[in-house]
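J.: Here you go, one structure.
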Amino acid sequence: MEKEVIESEKKTSELKHIPLELLDDFPNHPFKVRDDEDMLELIESVTERGVLVPAMVRPKANGRYELISGHRRKRASECVGKDTLQCFVKDLDDMEAVIIMVDSNIQRTHIPPSEKAFAYKMKLDAIKQQGKRTDLTSRPLGKKLSVTELSKEYGDSERQIHRYIRLTYLVPELLELVDEGKMKMRPAVELSYLDEDSQRDLVDAIDEEVCTPTHAQAIRLRKAFNENVLTRDKMFTVMQEEKPNQKDRVILKSDILNELIPKNVTESKRLEYIRRALQYYGKFLQRQRINAKENR
């Protein structure tokens, strides 16, 4: 996608080698630059062959330039000690810049849900503003795209695009759980309708109970919020419910118990015996840790 965008723009752009120190990141750029395995591969490629695809920038009034595409190439160039980056320079307004920025990055191989969510929202917001203008008539900048057309262009269904955009209403802690795969998209979408304070309370409940809401629980939380009956206590009560898909099951077979528990402990007192034994073992481990610190 990025090469196609560059090809469509380079005829009306100026190709220049620009000092890296004059390149500013795109404001609120949704696609993060990470020093991960992909970056290491890009650094190796830049070291061996240089930057193969020029970046795209637009000039700023102060003599600097704003990156539209090429943030990872800039980072790789910095890592290998280069001073400049080859760039296409093009005058673009804010709406045009957002559209090209998203088109240049959205179809990368590995994109976390949060990045795709904010990219979709930024492009649709730009499209809404673009639709108010009458001077933009050519593709790729002038076509007044809808969610339907975005779906055709990027491959996600219309419903999925709407779900992604809802993720932008989550507090960062919940959004991070989605990126890490610890919370699914559908419950996350339901939770996005809670206000910030309720979401913060939910983060506390998730941390304390070491689990995330199921889709059904998220629906109940949203319903309670809409009815103005969602309290912090109610939220914790919901999160304390056992979730078969998230709780590790511990099964103690009778033959193992018979080996560990004295025969004089009756069946009705076995659970209390196990509880006290675990408490005692916990204190034993604590004493060991204290002794280990004192002996250092």
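Scheme for the structure tokens: letters A, B, ... for chains in order shown; per-chain residue numbers from 1; ligand numbers from 1 in order shown.
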Within range 21-247 of chain A, find each residue whose DSSP state, derived from the backbone, is helix (DSSP H, G or I), and express the selection as number ranges by chain.
T.: A: 21-22, 37-49, 71-79, 94-105, 113-130, 147-154, 158-167, 172-179, 185-191, 196-209, 215-226, 232-239
J.: Determine, counting only C-alpha atoms, which protein, DNA and RNA residues have an atom within 12 Å of an atom of Leu230 in chain A; residues of the same chain fewer than 6 positions away are not included. Present the result as a PyMOL selection string.
T.: chain A and resi 194-195+197-199+201-202+218+220-224+236-238
J.: Excluding same-chain residues fewer than 3 positions from Ile161 in chain A, what lies within 9 Å of it counting only C-alpha atoms, as JSON, numbers by chain?
T.: {"A": [117, 120, 147, 150, 151, 156, 157, 158, 164, 165, 166]}
